[in-house]
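A short write-up of the structure that comes next.
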Amino acid sequence: MAFRVELTGSTLRIELDGWDRLANFRRVVEIDRSTIAKAAVAPRGEVESYIDHRQLGIGTHAGERYPGRRRVGTHLGRGVLGKQFWATARGASELPLLVLDLVDHEFARAVLAVSDPEVIAALVGPDS
């Protein structure tokens with residue numbers, strides 16, 4: 001995988017490497033706990049169907065037409081006003097993903113594949 005998700009203190013840090021770093025023109029995305037309005041876990045198929053395309057327009061990423069693809073970077077879609085940051089490997093539609101709704105951040109939503117999404121959601125959620 002060319003991305004790594006770490007929780008350090010009150011910051012969730014997503015580090016991009018290799019092709020992902022080059023294609024997204026960025027190395028790191030940091031999300032402070034204070035910007036997380038909601039942390040939830042949802043099946044991949046549920047949130048992926050709302051993706052229309054990548055913000056940069058490189059490749060075809062319509063979630064409804066091309067489910068289960070590896071998605072790393074900024075995406076635009078229906079149901080979320082603003083940009084979404086995705087960091088997920090290939091996977092089945094049942095795969096649980098961490099979904100963070102953000103305020104006062106560059107992104108309106110972050111969707112991440114992490115080893116234990118329920119635990120991370122409980123750690124970074126606004127209620128914790």
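Going through the structure tokens in order, the chains are called A, B, and so on, while each chain numbers its residues from 1 and the ligands are numbered from 1 in the order shown.
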
Which residues, written as a VMD selection string, have at least one atom at most 7 Å from segment 31-46 of chain A, with only C-alpha atoms counted and residues fewer than 2 positions away on the same chain left out?
chain A and resid 10 to 13 29 48 to 49 93 to 105 117 to 118 121 124 to 126

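For segment 1-5 of chain A, the residues within 10 Å (counting only C-alpha atoms, excluding itself and residues fewer than 5 positions away along the chain) are Leu12, Arg13, Ile14, Glu15, Leu16, Asp17, Gly18, Trp19, Asp20, Arg21, Arg27, Val28, Val29, Glu30, Arg70, Val72, Ala87, Thr88, Ala89, Leu112, Ala113, Val114 and Ser115 of chain A.
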
Generate a file of the selected residues that holds N, CA, C and O atoms, formatted as a PDB file, in the first residue's frame.
```pdb
ATOM      1  N   LEU A  12      -4.917  12.698  13.349  1.00  0.00           N
ATOM      2  CA  LEU A  12      -4.933  11.547  12.469  1.00  0.00           C
ATOM      3  C   LEU A  12      -4.122  11.956  11.249  1.00  0.00           C
ATOM      4  O   LEU A  12      -4.425  12.960  10.600  1.00  0.00           O
ATOM      5  N   ARG A  13      -3.086  11.196  10.956  1.00  0.00           N
ATOM      6  CA  ARG A  13      -2.141  11.559   9.898  1.00  0.00           C
ATOM      7  C   ARG A  13      -2.159  10.489   8.810  1.00  0.00           C
ATOM      8  O   ARG A  13      -1.966   9.315   9.101  1.00  0.00           O
ATOM      9  N   ILE A  14      -2.383  10.917   7.561  1.00  0.00           N
ATOM     10  CA  ILE A  14      -2.363  10.015   6.418  1.00  0.00           C
ATOM     11  C   ILE A  14      -1.143  10.384   5.586  1.00  0.00           C
ATOM     12  O   ILE A  14      -1.048  11.507   5.085  1.00  0.00           O
ATOM     13  N   GLU A  15      -0.197   9.458   5.472  1.00  0.00           N
ATOM     14  CA  GLU A  15       1.025   9.698   4.705  1.00  0.00           C
ATOM     15  C   GLU A  15       0.941   8.949   3.385  1.00  0.00           C
ATOM     16  O   GLU A  15       0.669   7.753   3.364  1.00  0.00           O
ATOM     17  N   LEU A  16       1.190   9.666   2.302  1.00  0.00           N
ATOM     18  CA  LEU A  16       1.174   9.080   0.970  1.00  0.00           C
ATOM     19  C   LEU A  16       2.599   8.840   0.500  1.00  0.00           C
ATOM     20  O   LEU A  16       3.486   9.650   0.766  1.00  0.00           O
ATOM     21  N   ASP A  17       2.809   7.750  -0.226  1.00  0.00           N
ATOM     22  CA  ASP A  17       4.115   7.422  -0.791  1.00  0.00           C
ATOM     23  C   ASP A  17       3.963   7.099  -2.262  1.00  0.00           C
ATOM     24  O   ASP A  17       2.858   6.886  -2.754  1.00  0.00           O
ATOM     25  N   GLY A  18       5.073   7.024  -2.933  1.00  0.00           N
ATOM     26  CA  GLY A  18       5.113   6.543  -4.309  1.00  0.00           C
ATOM     27  C   GLY A  18       4.199   7.284  -5.259  1.00  0.00           C
ATOM     28  O   GLY A  18       4.117   8.511  -5.270  1.00  0.00           O
ATOM     29  N   TRP A  19       3.489   6.508  -6.078  1.00  0.00           N
ATOM     30  CA  TRP A  19       2.608   7.058  -7.104  1.00  0.00           C
ATOM     31  C   TRP A  19       1.502   7.911  -6.501  1.00  0.00           C
ATOM     32  O   TRP A  19       1.107   8.929  -7.057  1.00  0.00           O
ATOM     33  N   ASP A  20       0.968   7.493  -5.356  1.00  0.00           N
ATOM     34  CA  ASP A  20      -0.103   8.262  -4.713  1.00  0.00           C
ATOM     35  C   ASP A  20       0.369   9.659  -4.354  1.00  0.00           C
ATOM     36  O   ASP A  20      -0.360  10.632  -4.512  1.00  0.00           O
ATOM     37  N   ARG A  21       1.576   9.765  -3.884  1.00  0.00           N
ATOM     38  CA  ARG A  21       2.154  11.065  -3.526  1.00  0.00           C
ATOM     39  C   ARG A  21       2.277  11.953  -4.766  1.00  0.00           C
ATOM     40  O   ARG A  21       1.930  13.128  -4.742  1.00  0.00           O
ATOM     41  N   ARG A  27       2.060  14.986   0.237  1.00  0.00           N
ATOM     42  CA  ARG A  27       2.697  13.898   0.962  1.00  0.00           C
ATOM     43  C   ARG A  27       1.885  13.488   2.191  1.00  0.00           C
ATOM     44  O   ARG A  27       1.847  12.326   2.552  1.00  0.00           O
ATOM     45  N   VAL A  28       1.238  14.469   2.832  1.00  0.00           N
ATOM     46  CA  VAL A  28       0.558  14.222   4.100  1.00  0.00           C
ATOM     47  C   VAL A  28      -0.787  14.934   4.131  1.00  0.00           C
ATOM     48  O   VAL A  28      -0.919  16.050   3.639  1.00  0.00           O
ATOM     49  N   VAL A  29      -1.768  14.283   4.742  1.00  0.00           N
ATOM     50  CA  VAL A  29      -3.036  14.916   5.098  1.00  0.00           C
ATOM     51  C   VAL A  29      -3.182  14.720   6.597  1.00  0.00           C
ATOM     52  O   VAL A  29      -3.101  13.587   7.085  1.00  0.00           O
ATOM     53  N   GLU A  30      -3.357  15.811   7.323  1.00  0.00           N
ATOM     54  CA  GLU A  30      -3.526  15.732   8.770  1.00  0.00           C
ATOM     55  C   GLU A  30      -4.930  16.200   9.145  1.00  0.00           C
ATOM     56  O   GLU A  30      -5.409  17.204   8.634  1.00  0.00           O
ATOM     57  N   ARG A  70      -9.220   0.677  -5.910  1.00  0.00           N
ATOM     58  CA  ARG A  70      -8.317   1.362  -4.998  1.00  0.00           C
ATOM     59  C   ARG A  70      -8.526   2.859  -5.203  1.00  0.00           C
ATOM     60  O   ARG A  70      -8.511   3.343  -6.328  1.00  0.00           O
ATOM     61  N   VAL A  72      -7.250   6.580  -3.731  1.00  0.00           N
ATOM     62  CA  VAL A  72      -6.408   7.406  -2.871  1.00  0.00           C
ATOM     63  C   VAL A  72      -6.367   8.797  -3.473  1.00  0.00           C
ATOM     64  O   VAL A  72      -5.923   8.976  -4.605  1.00  0.00           O
ATOM     65  N   ALA A  87      -8.609   7.158   1.161  1.00  0.00           N
ATOM     66  CA  ALA A  87      -7.392   6.349   1.207  1.00  0.00           C
ATOM     67  C   ALA A  87      -7.834   4.918   1.489  1.00  0.00           C
ATOM     68  O   ALA A  87      -7.968   4.504   2.636  1.00  0.00           O
ATOM     69  N   THR A  88      -8.121   4.182   0.414  1.00  0.00           N
ATOM     70  CA  THR A  88      -8.592   2.806   0.532  1.00  0.00           C
ATOM     71  C   THR A  88      -7.919   1.935  -0.515  1.00  0.00           C
ATOM     72  O   THR A  88      -7.700   2.364  -1.642  1.00  0.00           O
ATOM     73  N   ALA A  89      -7.630   0.711  -0.132  1.00  0.00           N
ATOM     74  CA  ALA A  89      -7.115  -0.275  -1.075  1.00  0.00           C
ATOM     75  C   ALA A  89      -8.307  -0.909  -1.790  1.00  0.00           C
ATOM     76  O   ALA A  89      -9.453  -0.597  -1.497  1.00  0.00           O
ATOM     77  N   LEU A 112     -11.411   6.333   5.097  1.00  0.00           N
ATOM     78  CA  LEU A 112     -10.129   5.669   5.256  1.00  0.00           C
ATOM     79  C   LEU A 112     -10.275   4.183   5.531  1.00  0.00           C
ATOM     80  O   LEU A 112     -11.173   3.768   6.265  1.00  0.00           O
ATOM     81  N   ALA A 113      -9.369   3.408   4.968  1.00  0.00           N
ATOM     82  CA  ALA A 113      -9.266   1.990   5.299  1.00  0.00           C
ATOM     83  C   ALA A 113      -8.233   1.874   6.405  1.00  0.00           C
ATOM     84  O   ALA A 113      -7.070   2.207   6.209  1.00  0.00           O
ATOM     85  N   VAL A 114      -8.675   1.473   7.578  1.00  0.00           N
ATOM     86  CA  VAL A 114      -7.787   1.282   8.722  1.00  0.00           C
ATOM     87  C   VAL A 114      -7.996  -0.125   9.262  1.00  0.00           C
ATOM     88  O   VAL A 114      -9.022  -0.758   8.992  1.00  0.00           O
ATOM     89  N   SER A 115      -7.037  -0.610  10.043  1.00  0.00           N
ATOM     90  CA  SER A 115      -7.103  -1.996  10.509  1.00  0.00           C
ATOM     91  C   SER A 115      -8.293  -2.260  11.424  1.00  0.00           C
ATOM     92  O   SER A 115      -8.873  -3.332  11.385  1.00  0.00           O
TER      93      SER A 115
END
```

Would you work out the distance separating atom CA of Lys83 of chain A from atom CA of Asp116 of chain A, expressed in Å to one decimal?
24.4 Å

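Note that atom CA of Asn24 of chain A and atom CA of Val111 of chain A are 15.6 Å apart.
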
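Distances from A:Leu123, A:Ala92, A:Ile51, A:Ala23 to His75 of chain A were compared using only C-alpha atoms, and the smallest one belongs to A:Ile51.
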
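For the set A:Gly9, A:Thr74, A:Tyr50, A:Arg69, the residue with the smallest atom-to-atom gap to Arg26 of chain A is A:Thr74, counting only C-alpha atoms.
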
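What separates atom CA of Phe85 of chain A from atom CA of Gly73 of chain A is a distance of 5.4 Å.
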